Protein chains: 2
Amino acid sequence: MKLIALAGQTGEWLRGAGPESEIVLSSRIRLARNLADQPFPEWAAPAQRRAVLETVEAAVGRSKFLKNALVLRMSDLSEMEQLFLVERHLISRDHARQPEGKGVVISDREILSIMINEEDHLRLQVLQSGLNLSEAWAMLRRIDEELEKELPLAFDSVWGYLTACPTNVGTGMRVSAMLHLPCLVMTRQINRVIHAITKLGLTARGFYGEGTEASGNFFQLSNQVSIGVGEEELLDSLGRIVTQVVGQERAARQALIGHSKAALEDRVFRALGTLKSAQLISSQEAIDRLSMVRLGVDLGLIPTLQREGVNRLLVQIQPAHLQMLEGRVLTPAERDARRARLLRESLSAS
Amino acid sequence: MKLIALAGQTGEWLRGAGPESEIVLSSRIRLARNLADQPFPEWAAPAQRRAVLETVEAAVGRSKFLKNALVLRMSDLSEMEQLFLVERHLISRDHARQPEGKGVVISDREILSIMINEEDHLRLQVLQSGLNLSEAWAMLRRIDEELEKELPLAFDSVWGYLTACPTNVGTGMRVSAMLHLPCLVMTRQINRVIHAITKLGLTARGFYGEGTEASGNFFQLSNQVSIGVGEEELLDSLGRIVTQVVGQERAARQALIGHSKAALEDRVFRALGTLKSAQLISSQEAIDRLSMVRLGVDLGLIPTLQREGVNRLLVQIQPAHLQMLEGRVLTPAERDARRARLLRESLSAS
């Protein structure tokens, strides 16, 4: 089973490095692409979908950049493995829901992934640690150009790239950044900030992407519309707004340190103490406490702990990861116990 | 300052030893006595009260049993020191409220104490670890008899000992035991148990005595009436009821271990984790968490910790104790920080 190799490693986006990485967990760019003269996956017959899958797999096979990539068919994976890929932010929940005729390509270190036959024939994404949009874009563009030579893409000179959903027509691009904003939440400024972001054409989602609630004070900011603006402009605009929000979070951190240092440290160390002691813990509580611990690491309060370690735990505490670790399906109660043990063991030295 | 010597030691009743000491923290007997031909303290003029104080002090001075006792006048103590004695269960809150003309005698290891001019001229108490009523009674009787030879006590052949409040007339005796009943609370049986106790003529009070709420799952059970029954009967009756409640708590513990072991351990270790990590903590939260830790010690879950250590912390976390430790008056916020530090330092090895 190839996926077990991933379970033992940390995706590039969790490294906790790169610009602004004390607040920006990761940045992501994805491109929606479709093959010309083929119905979109939703409207395609099974045979048509399979043909697209094979065509794309063949093109990937010829790619230089994707030479060492893992090429998987969703129908070959167990439900646990599918969920595992969702938890690693490599595929969407929708992609796991109906696996028939769908595929996924995962590059070395999980920087790049391609969903085949999700909403569009191809969904290419690059996921990087920190606020690293230009590097991500350079990489994604190379792969996009390479695939474009191999595959006849649906492109209209007026509309741009054609996509299954009109909100993606044009560049087919969505840019997003995952921000950790605990002090904007604590100081109750977060709603004002999100309101302002929305007015600027962005949306804020939760840690687990579209349709999920913000948890652990993580917010994914992304552009809503991809038409009428160029790629560079989209990247610049998101980068600028993210930088502003980062500045606001930083100011909130300084303000809290200024007037509530003891209370802030209390919250951080209590969270760490709970994670080191609990015998049963839910995902939701774990992510909330890890959020406080991450803040403590970022503020230099927990010198024995690295940001990357906390990031890794944010992913490892999820159900499919725990089950991969244990090598079997676990009941929810067993997961709560296994999660607590993982956290205790991982944090015992800090 | 003589009291500082007490601050460094643990009262006998906190030793965590004696019969049933995993559930019965301590047992206490007190006798109310008054001098004949002297008005009760409440109705006495200041000079009369002073005369009583001096008479009793002189008798104590001649006592063999109280040879090494600390003899203090309340008006010589600072407010912090008065509160310190309340927190050690050596005097009542009322005794500290209006210190004029009042005294206290504290024996070696704090087993025996005498309040002079509280509600009655003399309030003698013996406080022992565990359910130790017969030993306590033997000791208290010896001292009572000795003082009776020295002092003309108000005794009526029909009514018995005369006291300021009619509920104490007769034996002048109140017997009580402090029980730790976390599992009767968790299994929601405690109200039923207290209801039954009340029907048997007992009352249930909180950790800090009369007029305080139960906290940390500690309940002080005591007799309500002292007339019409002999001393031995009072002691037997309380002892029997306490033994029954102890049996019920023990059954509740076994039941929880049987069907909710993981959840029980989770609560215990989370409490310990919080106490080892918090930077700020209130008395109320501290006592609640210490209650869970004590349960963990009693269940053998925390082998590195002794019952006596937890008992000692239950007393040391209180405001006057913290201030004695620090050697100065502390603001409430400073106390929360000092309390958290004391707990972290005391529990770091467990």
# chains A, B, ... in the order shown; residues from 1 in each chain; ligands from 1
call {"tool": "calpha_fit_and_write", "arguments": {"fixed": "chain B", "moving": "chain A", "output": "JSON list (two decimals) with C-alpha atoms, in the first residue's frame"}}
result
[["chain", "number", "residue", "atom", "x", "y", "z"],
["A", 1, "MET", "CA", 5.56, 35.63, 65.15],
["A", 2, "LYS", "CA", 4.52, 32.24, 66.51],
["A", 3, "LEU", "CA", 2.06, 31.42, 63.74],
["A", 4, "ILE", "CA", 4.72, 31.14, 61.08],
["A", 5, "ALA", "CA", 5.73, 27.87, 62.76],
["A", 6, "LEU", "CA", 2.30, 26.44, 61.92],
["A", 7, "ALA", "CA", 2.55, 27.55, 58.28],
["A", 8, "GLY", "CA", 5.46, 25.19, 57.75],
["A", 9, "GLN", "CA", 3.76, 22.15, 59.25],
["A", 10, "THR", "CA", 0.81, 19.96, 58.37],
["A", 11, "GLY", "CA", -1.97, 19.66, 60.94],
["A", 12, "GLU", "CA", -2.55, 16.16, 62.27],
["A", 13, "TRP", "CA", -5.97, 16.03, 60.57],
["A", 14, "LEU", "CA", -4.34, 16.35, 57.13],
["A", 15, "ARG", "CA", -2.11, 13.32, 57.54],
["A", 16, "GLY", "CA", -4.41, 11.29, 55.29],
["A", 17, "ALA", "CA", -4.14, 8.34, 57.66],
["A", 18, "GLY", "CA", -6.48, 6.58, 60.09],
["A", 19, "PRO", "CA", -9.58, 4.44, 59.47],
["A", 20, "GLU", "CA", -11.44, 5.04, 56.18],
["A", 21, "SER", "CA", -9.02, 7.83, 55.35],
["A", 22, "GLU", "CA", -9.41, 7.35, 51.60],
["A", 23, "ILE", "CA", -12.91, 8.82, 52.00],
["A", 24, "VAL", "CA", -13.00, 10.39, 55.46],
["A", 25, "LEU", "CA", -10.58, 13.30, 55.47],
["A", 26, "SER", "CA", -11.00, 14.07, 59.17],
["A", 27, "SER", "CA", -13.26, 13.71, 62.17],
["A", 28, "ARG", "CA", -13.91, 16.34, 64.74],
["A", 29, "ILE", "CA", -15.58, 16.58, 68.15],
["A", 30, "ARG", "CA", -16.22, 19.84, 69.88],
["A", 31, "LEU", "CA", -17.60, 20.65, 73.29],
["A", 32, "ALA", "CA", -19.28, 23.91, 74.28],
["A", 33, "ARG", "CA", -18.58, 24.91, 77.88],
["A", 34, "ASN", "CA", -19.32, 28.03, 79.90],
["A", 35, "LEU", "CA", -18.19, 29.43, 83.23],
["A", 36, "ALA", "CA", -20.87, 29.51, 85.91],
["A", 37, "ASP", "CA", -22.13, 32.94, 87.00],
["A", 38, "GLN", "CA", -20.66, 34.73, 83.97],
["A", 39, "PRO", "CA", -22.77, 36.17, 81.14],
["A", 40, "PHE", "CA", -22.34, 34.44, 77.77],
["A", 41, "PRO", "CA", -19.78, 36.30, 75.61],
["A", 42, "GLU", "CA", -22.44, 37.94, 73.42],
["A", 43, "TRP", "CA", -24.06, 39.59, 76.48],
["A", 44, "ALA", "CA", -20.90, 40.24, 78.47],
["A", 45, "ALA", "CA", -19.36, 43.68, 78.95],
["A", 46, "PRO", "CA", -15.81, 44.03, 77.61],
["A", 47, "ALA", "CA", -14.36, 43.84, 81.14],
["A", 48, "GLN", "CA", -16.34, 40.67, 81.90],
["A", 49, "ARG", "CA", -15.16, 39.09, 78.68],
["A", 50, "ARG", "CA", -11.57, 39.98, 79.48],
["A", 51, "ALA", "CA", -11.93, 38.46, 82.94],
["A", 52, "VAL", "CA", -13.19, 35.19, 81.41],
["A", 53, "LEU", "CA", -10.30, 35.21, 78.93],
["A", 54, "GLU", "CA", -7.77, 35.62, 81.73],
["A", 55, "THR", "CA", -9.40, 32.97, 83.89],
["A", 56, "VAL", "CA", -9.35, 30.43, 81.07],
["A", 57, "GLU", "CA", -5.78, 31.31, 80.04],
["A", 58, "ALA", "CA", -4.66, 30.77, 83.61],
["A", 59, "ALA", "CA", -6.38, 27.37, 83.76],
["A", 60, "VAL", "CA", -4.76, 26.38, 80.46],
["A", 61, "GLY", "CA", -1.42, 27.48, 81.84],
["A", 62, "ARG", "CA", -1.82, 25.00, 84.68],
["A", 63, "SER", "CA", -2.90, 22.14, 82.38],
["A", 64, "LYS", "CA", -0.63, 19.14, 81.91],
["A", 65, "PHE", "CA", -2.06, 18.18, 78.53],
["A", 66, "LEU", "CA", -1.73, 21.69, 77.16],
["A", 67, "LYS", "CA", 1.80, 22.30, 78.43],
["A", 68, "ASN", "CA", 3.26, 23.06, 75.00],
["A", 69, "ALA", "CA", 0.17, 24.70, 73.56],
["A", 70, "LEU", "CA", 0.19, 28.04, 71.77],
["A", 71, "VAL", "CA", -2.00, 30.54, 73.69],
["A", 72, "LEU", "CA", -2.98, 33.52, 71.55],
["A", 73, "ARG", "CA", -5.21, 36.54, 71.89],
["A", 74, "MET", "CA", -7.14, 37.30, 68.74],
["A", 75, "SER", "CA", -6.56, 41.04, 69.10],
["A", 76, "ASP", "CA", -2.80, 40.44, 68.89],
["A", 77, "LEU", "CA", -3.16, 38.88, 65.46],
["A", 78, "SER", "CA", -3.29, 40.61, 62.09],
["A", 79, "GLU", "CA", -6.32, 40.04, 59.90],
["A", 80, "MET", "CA", -4.18, 37.73, 57.75],
["A", 81, "GLU", "CA", -3.19, 35.64, 60.77],
["A", 82, "GLN", "CA", -6.78, 35.41, 61.96],
["A", 83, "LEU", "CA", -7.87, 34.19, 58.55],
["A", 84, "PHE", "CA", -4.94, 31.77, 58.52],
["A", 85, "LEU", "CA", -6.34, 30.10, 61.66],
["A", 86, "VAL", "CA", -9.80, 29.91, 60.06],
["A", 87, "GLU", "CA", -8.28, 28.24, 57.01],
["A", 88, "ARG", "CA", -6.55, 25.68, 59.22],
["A", 89, "HIS", "CA", -9.93, 24.86, 60.81],
["A", 90, "LEU", "CA", -8.59, 25.96, 64.22],
["A", 91, "ILE", "CA", -11.10, 28.78, 64.77],
["A", 92, "SER", "CA", -14.46, 29.74, 63.27],
["A", 93, "ARG", "CA", -15.05, 32.68, 60.94],
["A", 94, "ASP", "CA", -17.15, 34.29, 63.67],
["A", 95, "HIS", "CA", -14.24, 34.10, 66.08],
["A", 96, "ALA", "CA", -12.09, 36.13, 63.72],
["A", 97, "ARG", "CA", -14.78, 38.69, 63.00],
["A", 98, "GLN", "CA", -14.70, 40.60, 66.31],
["A", 99, "PRO", "CA", -11.37, 39.75, 67.91],
["A", 100, "GLU", "CA", -11.77, 41.88, 71.07],
["A", 101, "GLY", "CA", -11.58, 39.81, 74.27],
["A", 102, "LYS", "CA", -11.20, 36.54, 72.38],
["A", 103, "GLY", "CA", -8.47, 33.94, 72.53],
["A", 104, "VAL", "CA", -7.38, 30.66, 71.07],
["A", 105, "VAL", "CA", -5.32, 27.77, 72.41],
["A", 106, "ILE", "CA", -3.65, 25.45, 69.92],
["A", 107, "SER", "CA", -2.03, 22.21, 70.98],
["A", 108, "ASP", "CA", 1.01, 20.57, 69.56],
["A", 109, "ARG", "CA", 0.32, 19.24, 66.00],
["A", 110, "GLU", "CA", -2.99, 21.17, 66.05],
["A", 111, "ILE", "CA", -4.95, 18.18, 67.29],
["A", 112, "LEU", "CA", -6.69, 20.17, 69.98],
["A", 113, "SER", "CA", -7.81, 23.76, 69.96],
["A", 114, "ILE", "CA", -9.87, 25.89, 72.31],
["A", 115, "MET", "CA", -11.68, 29.06, 71.28],
["A", 116, "ILE", "CA", -12.19, 31.39, 74.23],
["A", 117, "ASN", "CA", -15.20, 33.73, 74.12],
["A", 118, "GLU", "CA", -16.57, 32.59, 70.82],
["A", 119, "GLU", "CA", -20.35, 31.94, 71.14],
["A", 120, "ASP", "CA", -19.59, 30.15, 74.43],
["A", 121, "HIS", "CA", -16.81, 30.84, 76.92],
["A", 122, "LEU", "CA", -15.02, 27.71, 75.79],
["A", 123, "ARG", "CA", -15.24, 25.74, 72.60],
["A", 124, "LEU", "CA", -12.91, 22.75, 72.77],
["A", 125, "GLN", "CA", -12.27, 20.78, 69.62],
["A", 126, "VAL", "CA", -10.24, 17.74, 68.69],
["A", 127, "LEU", "CA", -9.54, 17.25, 65.00],
["A", 128, "GLN", "CA", -8.18, 13.90, 63.82],
["A", 129, "SER", "CA", -7.26, 12.34, 60.52],
["A", 130, "GLY", "CA", -9.63, 9.67, 59.18],
["A", 131, "LEU", "CA", -12.70, 8.32, 61.03],
["A", 132, "ASN", "CA", -11.20, 8.38, 64.48],
["A", 133, "LEU", "CA", -14.01, 9.34, 66.82],
["A", 134, "SER", "CA", -13.19, 7.16, 69.80],
["A", 135, "GLU", "CA", -9.59, 8.30, 69.96],
["A", 136, "ALA", "CA", -10.68, 11.90, 69.53],
["A", 137, "TRP", "CA", -13.26, 11.49, 72.28],
["A", 138, "ALA", "CA", -10.79, 9.91, 74.69],
["A", 139, "MET", "CA", -8.44, 12.84, 74.25],
["A", 140, "LEU", "CA", -11.12, 15.51, 74.45],
["A", 141, "ARG", "CA", -12.62, 13.97, 77.57],
["A", 142, "ARG", "CA", -9.30, 14.01, 79.39],
["A", 143, "ILE", "CA", -8.84, 17.69, 78.68],
["A", 144, "ASP", "CA", -12.45, 18.50, 79.47],
["A", 145, "GLU", "CA", -12.13, 16.73, 82.84],
["A", 146, "GLU", "CA", -8.87, 18.46, 83.57],
["A", 147, "LEU", "CA", -10.30, 21.90, 82.83],
["A", 148, "GLU", "CA", -13.46, 21.10, 84.77],
["A", 149, "LYS", "CA", -11.32, 20.70, 87.89],
["A", 150, "GLU", "CA", -9.80, 24.11, 87.30],
["A", 151, "LEU", "CA", -12.89, 26.03, 86.19],
["A", 152, "PRO", "CA", -16.40, 26.34, 87.64],
["A", 153, "LEU", "CA", -18.55, 25.28, 84.67],
["A", 154, "ALA", "CA", -22.23, 26.08, 84.11],
["A", 155, "PHE", "CA", -23.90, 22.71, 84.50],
["A", 156, "ASP", "CA", -27.50, 21.91, 85.41],
["A", 157, "SER", "CA", -28.42, 18.45, 86.69],
["A", 158, "VAL", "CA", -31.55, 18.37, 84.51],
["A", 159, "TRP", "CA", -30.41, 20.23, 81.38],
["A", 160, "GLY", "CA", -26.74, 19.32, 81.42],
["A", 161, "TYR", "CA", -24.14, 21.84, 80.22],
["A", 162, "LEU", "CA", -25.65, 25.27, 79.64],
["A", 163, "THR", "CA", -24.77, 27.05, 76.43],
["A", 164, "ALA", "CA", -25.48, 30.33, 74.68],
["A", 165, "CYS", "CA", -27.52, 28.65, 71.95],
["A", 166, "PRO", "CA", -30.22, 26.14, 73.02],
["A", 167, "THR", "CA", -29.20, 23.66, 70.28],
["A", 168, "ASN", "CA", -25.98, 23.05, 72.20],
["A", 169, "VAL", "CA", -27.50, 22.58, 75.65],
["A", 170, "GLY", "CA", -26.99, 19.11, 77.17],
["A", 171, "THR", "CA", -23.78, 17.47, 76.16],
["A", 172, "GLY", "CA", -22.58, 20.64, 74.39],
["A", 173, "MET", "CA", -21.21, 18.22, 71.87],
["A", 174, "ARG", "CA", -21.05, 18.41, 68.14],
["A", 175, "VAL", "CA", -19.50, 15.54, 66.24],
["A", 176, "SER", "CA", -18.60, 15.83, 62.60],
["A", 177, "ALA", "CA", -16.68, 14.11, 59.86],
["A", 178, "MET", "CA", -15.38, 15.57, 56.59],
["A", 179, "LEU", "CA", -16.09, 13.19, 53.73],
["A", 180, "HIS", "CA", -14.80, 13.24, 50.19],
["A", 181, "LEU", "CA", -17.62, 11.99, 47.97],
["A", 182, "PRO", "CA", -16.67, 12.67, 44.33],
["A", 183, "CYS", "CA", -18.27, 9.54, 42.91],
["A", 184, "LEU", "CA", -21.59, 10.04, 44.70],
["A", 185, "VAL", "CA", -21.58, 13.51, 43.10],
["A", 186, "MET", "CA", -20.61, 12.20, 39.64],
["A", 187, "THR", "CA", -23.26, 9.51, 39.71],
["A", 188, "ARG", "CA", -25.83, 12.06, 40.93],
["A", 189, "GLN", "CA", -26.62, 10.10, 44.08],
["A", 190, "ILE", "CA", -25.44, 12.80, 46.47],
["A", 191, "ASN", "CA", -28.77, 14.59, 46.90],
["A", 192, "ARG", "CA", -30.50, 11.35, 47.83],
["A", 193, "VAL", "CA", -27.74, 10.58, 50.32],
["A", 194, "ILE", "CA", -27.90, 14.03, 51.92],
["A", 195, "HIS", "CA", -31.68, 13.82, 52.10],
["A", 196, "ALA", "CA", -31.39, 10.50, 53.97],
["A", 197, "ILE", "CA", -28.74, 11.91, 56.31],
["A", 198, "THR", "CA", -30.93, 14.89, 57.17],
["A", 199, "LYS", "CA", -33.79, 12.57, 58.11],
["A", 200, "LEU", "CA", -31.42, 10.86, 60.51],
["A", 201, "GLY", "CA", -30.80, 14.17, 62.33],
["A", 202, "LEU", "CA", -27.52, 15.15, 60.66],
["A", 203, "THR", "CA", -26.61, 18.17, 58.55],
["A", 204, "ALA", "CA", -24.21, 18.39, 55.63],
["A", 205, "ARG", "CA", -22.00, 21.45, 55.25],
["A", 206, "GLY", "CA", -19.13, 22.50, 52.98],
["A", 207, "PHE", "CA", -15.39, 22.23, 53.37],
["A", 208, "TYR", "CA", -15.13, 25.50, 55.25],
["A", 209, "GLY", "CA", -17.82, 24.67, 57.83],
["A", 210, "GLU", "CA", -21.12, 26.28, 58.76],
["A", 211, "GLY", "CA", -22.69, 28.47, 56.09],
["A", 212, "THR", "CA", -20.39, 27.35, 53.29],
["A", 213, "GLU", "CA", -21.29, 25.50, 50.13],
["A", 214, "ALA", "CA", -19.93, 22.06, 49.45],
["A", 215, "SER", "CA", -16.94, 22.43, 47.18],
["A", 216, "GLY", "CA", -14.41, 19.98, 45.87],
["A", 217, "ASN", "CA", -16.95, 17.23, 46.67],
["A", 218, "PHE", "CA", -16.18, 17.59, 50.38],
["A", 219, "PHE", "CA", -19.10, 17.29, 52.78],
["A", 220, "GLN", "CA", -18.99, 17.83, 56.52],
["A", 221, "LEU", "CA", -21.60, 15.69, 58.25],
["A", 222, "SER", "CA", -22.53, 16.59, 61.83],
["A", 223, "ASN", "CA", -25.21, 16.11, 64.44],
["A", 224, "GLN", "CA", -27.81, 18.85, 64.81],
["A", 225, "VAL", "CA", -28.98, 18.36, 68.39],
["A", 226, "SER", "CA", -26.96, 17.64, 71.48],
["A", 227, "ILE", "CA", -29.67, 17.19, 74.08],
["A", 228, "GLY", "CA", -31.48, 14.02, 75.12],
["A", 229, "VAL", "CA", -28.74, 11.68, 73.98],
["A", 230, "GLY", "CA", -25.50, 10.76, 75.67],
["A", 231, "GLU", "CA", -22.05, 11.46, 74.26],
["A", 232, "GLU", "CA", -21.32, 7.85, 73.43],
["A", 233, "GLU", "CA", -24.63, 7.51, 71.65],
["A", 234, "LEU", "CA", -23.94, 10.62, 69.56],
["A", 235, "LEU", "CA", -20.52, 9.30, 68.59],
["A", 236, "ASP", "CA", -21.88, 5.85, 67.75],
["A", 237, "SER", "CA", -24.72, 7.25, 65.71],
["A", 238, "LEU", "CA", -22.49, 9.55, 63.63],
["A", 239, "GLY", "CA", -19.89, 6.81, 63.20],
["A", 240, "ARG", "CA", -22.53, 4.38, 61.93],
["A", 241, "ILE", "CA", -23.98, 6.81, 59.43],
["A", 242, "VAL", "CA", -20.56, 7.90, 58.19],
["A", 243, "THR", "CA", -19.59, 4.26, 57.70],
["A", 244, "GLN", "CA", -22.72, 3.76, 55.59],
["A", 245, "VAL", "CA", -22.00, 6.79, 53.43],
["A", 246, "VAL", "CA", -18.41, 5.62, 53.02],
["A", 247, "GLY", "CA", -19.79, 2.29, 51.76],
["A", 248, "GLN", "CA", -21.99, 4.09, 49.25],
["A", 249, "GLU", "CA", -19.12, 6.20, 47.95],
["A", 250, "ARG", "CA", -16.99, 3.09, 47.67],
["A", 251, "ALA", "CA", -19.72, 1.34, 45.68],
["A", 252, "ALA", "CA", -20.05, 4.35, 43.38],
["A", 253, "ARG", "CA", -16.29, 4.29, 42.79],
["A", 254, "GLN", "CA", -16.41, 0.62, 41.88],
["A", 255, "ALA", "CA", -19.38, 1.18, 39.58],
["A", 256, "LEU", "CA", -17.62, 4.02, 37.75],
["A", 257, "ILE", "CA", -14.44, 1.97, 37.40],
["A", 258, "GLY", "CA", -16.59, -0.83, 36.05],
["A", 259, "HIS", "CA", -18.38, 1.04, 33.31],
["A", 260, "SER", "CA", -16.55, 4.37, 32.80],
["A", 261, "LYS", "CA", -12.92, 3.69, 33.64],
["A", 262, "ALA", "CA", -11.49, 5.68, 30.74],
["A", 263, "ALA", "CA", -13.74, 8.67, 31.41],
["A", 264, "LEU", "CA", -12.84, 8.59, 35.11],
["A", 265, "GLU", "CA", -9.11, 8.45, 34.38],
["A", 266, "ASP", "CA", -9.57, 11.22, 31.84],
["A", 267, "ARG", "CA", -11.08, 13.49, 34.50],
["A", 268, "VAL", "CA", -8.37, 12.67, 37.02],
["A", 269, "PHE", "CA", -5.43, 13.23, 34.68],
["A", 270, "ARG", "CA", -6.91, 16.34, 33.11],
["A", 271, "ALA", "CA", -7.31, 17.82, 36.59],
["A", 272, "LEU", "CA", -3.69, 16.99, 37.41],
["A", 273, "GLY", "CA", -2.55, 18.36, 34.05],
["A", 274, "THR", "CA", -4.39, 21.62, 34.63],
["A", 275, "LEU", "CA", -2.95, 22.04, 38.13],
["A", 276, "LYS", "CA", 0.54, 21.40, 36.78],
["A", 277, "SER", "CA", 0.11, 23.94, 33.95],
["A", 278, "ALA", "CA", -2.16, 26.80, 34.99],
["A", 279, "GLN", "CA", -0.58, 30.21, 35.44],
["A", 280, "LEU", "CA", -3.65, 31.65, 37.17],
["A", 281, "ILE", "CA", -6.16, 29.70, 39.23],
["A", 282, "SER", "CA", -8.95, 30.57, 41.67],
["A", 283, "SER", "CA", -9.42, 28.81, 45.03],
["A", 284, "GLN", "CA", -12.66, 27.33, 43.78],
["A", 285, "GLU", "CA", -11.17, 25.79, 40.66],
["A", 286, "ALA", "CA", -8.12, 24.60, 42.57],
["A", 287, "ILE", "CA", -10.21, 22.77, 45.18],
["A", 288, "ASP", "CA", -12.34, 21.17, 42.45],
["A", 289, "ARG", "CA", -9.27, 19.92, 40.56],
["A", 290, "LEU", "CA", -7.54, 18.80, 43.76],
["A", 291, "SER", "CA", -10.65, 16.80, 44.55],
["A", 292, "MET", "CA", -10.24, 14.89, 41.28],
["A", 293, "VAL", "CA", -6.51, 14.42, 41.92],
["A", 294, "ARG", "CA", -7.25, 13.09, 45.40],
["A", 295, "LEU", "CA", -9.68, 10.61, 43.90],
["A", 296, "GLY", "CA", -6.92, 9.56, 41.49],
["A", 297, "VAL", "CA", -4.52, 9.03, 44.38],
["A", 298, "ASP", "CA", -7.13, 7.03, 46.29],
["A", 299, "LEU", "CA", -7.76, 4.85, 43.23],
["A", 300, "GLY", "CA", -4.04, 4.22, 42.82],
["A", 301, "LEU", "CA", -3.85, 6.08, 39.50],
["A", 302, "ILE", "CA", -1.10, 8.50, 40.57],
["A", 303, "PRO", "CA", 1.51, 6.46, 42.41],
["A", 304, "THR", "CA", 3.95, 9.37, 42.58],
["A", 305, "LEU", "CA", 1.64, 11.40, 44.77],
["A", 306, "GLN", "CA", 0.64, 10.89, 48.43],
["A", 307, "ARG", "CA", -2.75, 11.62, 49.92],
["A", 308, "GLU", "CA", -1.16, 13.83, 52.58],
["A", 309, "GLY", "CA", 0.38, 16.01, 49.89],
["A", 310, "VAL", "CA", -2.98, 16.61, 48.28],
["A", 311, "ASN", "CA", -4.63, 17.31, 51.65],
["A", 312, "ARG", "CA", -1.93, 19.82, 52.49],
["A", 313, "LEU", "CA", -2.49, 21.63, 49.20],
["A", 314, "LEU", "CA", -6.23, 21.88, 49.93],
["A", 315, "VAL", "CA", -5.30, 24.06, 52.89],
["A", 316, "GLN", "CA", -2.26, 25.84, 51.45],
["A", 317, "ILE", "CA", -4.09, 27.19, 48.39],
["A", 318, "GLN", "CA", -6.29, 29.38, 50.57],
["A", 319, "PRO", "CA", -5.75, 33.16, 50.59],
["A", 320, "ALA", "CA", -4.20, 33.67, 54.03],
["A", 321, "HIS", "CA", -1.90, 30.67, 53.62],
["A", 322, "LEU", "CA", -0.64, 32.04, 50.31],
["A", 323, "GLN", "CA", -0.03, 35.41, 51.90],
["A", 324, "MET", "CA", 1.78, 33.88, 54.88],
["A", 325, "LEU", "CA", 3.93, 31.98, 52.38],
["A", 326, "GLU", "CA", 4.70, 35.17, 50.47],
["A", 327, "GLY", "CA", 5.12, 37.22, 53.64],
["A", 328, "ARG", "CA", 2.84, 40.03, 52.48],
["A", 329, "VAL", "CA", -0.71, 40.97, 51.54],
["A", 330, "LEU", "CA", -1.53, 39.93, 47.95],
["A", 331, "THR", "CA", -4.22, 41.24, 45.61],
["A", 332, "PRO", "CA", -6.71, 38.64, 44.33],
["A", 333, "ALA", "CA", -4.90, 38.54, 40.95],
["A", 334, "GLU", "CA", -1.55, 38.06, 42.68],
["A", 335, "ARG", "CA", -3.07, 35.28, 44.76],
["A", 336, "ASP", "CA", -4.32, 33.48, 41.64],
["A", 337, "ALA", "CA", -0.79, 33.61, 40.20],
["A", 338, "ARG", "CA", 0.86, 32.59, 43.51],
["A", 339, "ARG", "CA", -1.61, 29.74, 43.96],
["A", 340, "ALA", "CA", -0.91, 28.48, 40.45],
["A", 341, "ARG", "CA", 2.84, 28.60, 41.10],
["A", 342, "LEU", "CA", 2.49, 26.73, 44.39],
["A", 343, "LEU", "CA", 0.45, 24.02, 42.66],
["A", 344, "ARG", "CA", 2.85, 23.73, 39.71],
["A", 345, "GLU", "CA", 5.86, 23.47, 41.99],
["A", 346, "SER", "CA", 4.22, 21.02, 44.38],
["A", 347, "LEU", "CA", 2.92, 18.72, 41.65],
["A", 348, "SER", "CA", 5.68, 18.98, 39.03],
["A", 349, "ALA", "CA", 7.12, 15.59, 39.93],
["A", 350, "SER", "CA", 3.82, 13.73, 39.57]]
call {"tool": "select_by_dssp", "arguments": {"residues": "region 36-249 of chain B", "states": "strand (DSSP E)", "output": "PyMOL selection string"}}
result
chain B and resi 70-73+103-106+112-116+122-129+155-156+160-161+173-180+202-205+218-223
call {"tool": "select_by_dssp", "arguments": {"residues": "region 183-350 of chain B", "states": "alpha helix (DSSP H)", "output": "ChimeraX atom specification"}}
result
/B:183-186,190-199,231-277,283-298,307-316,319-326,332-347
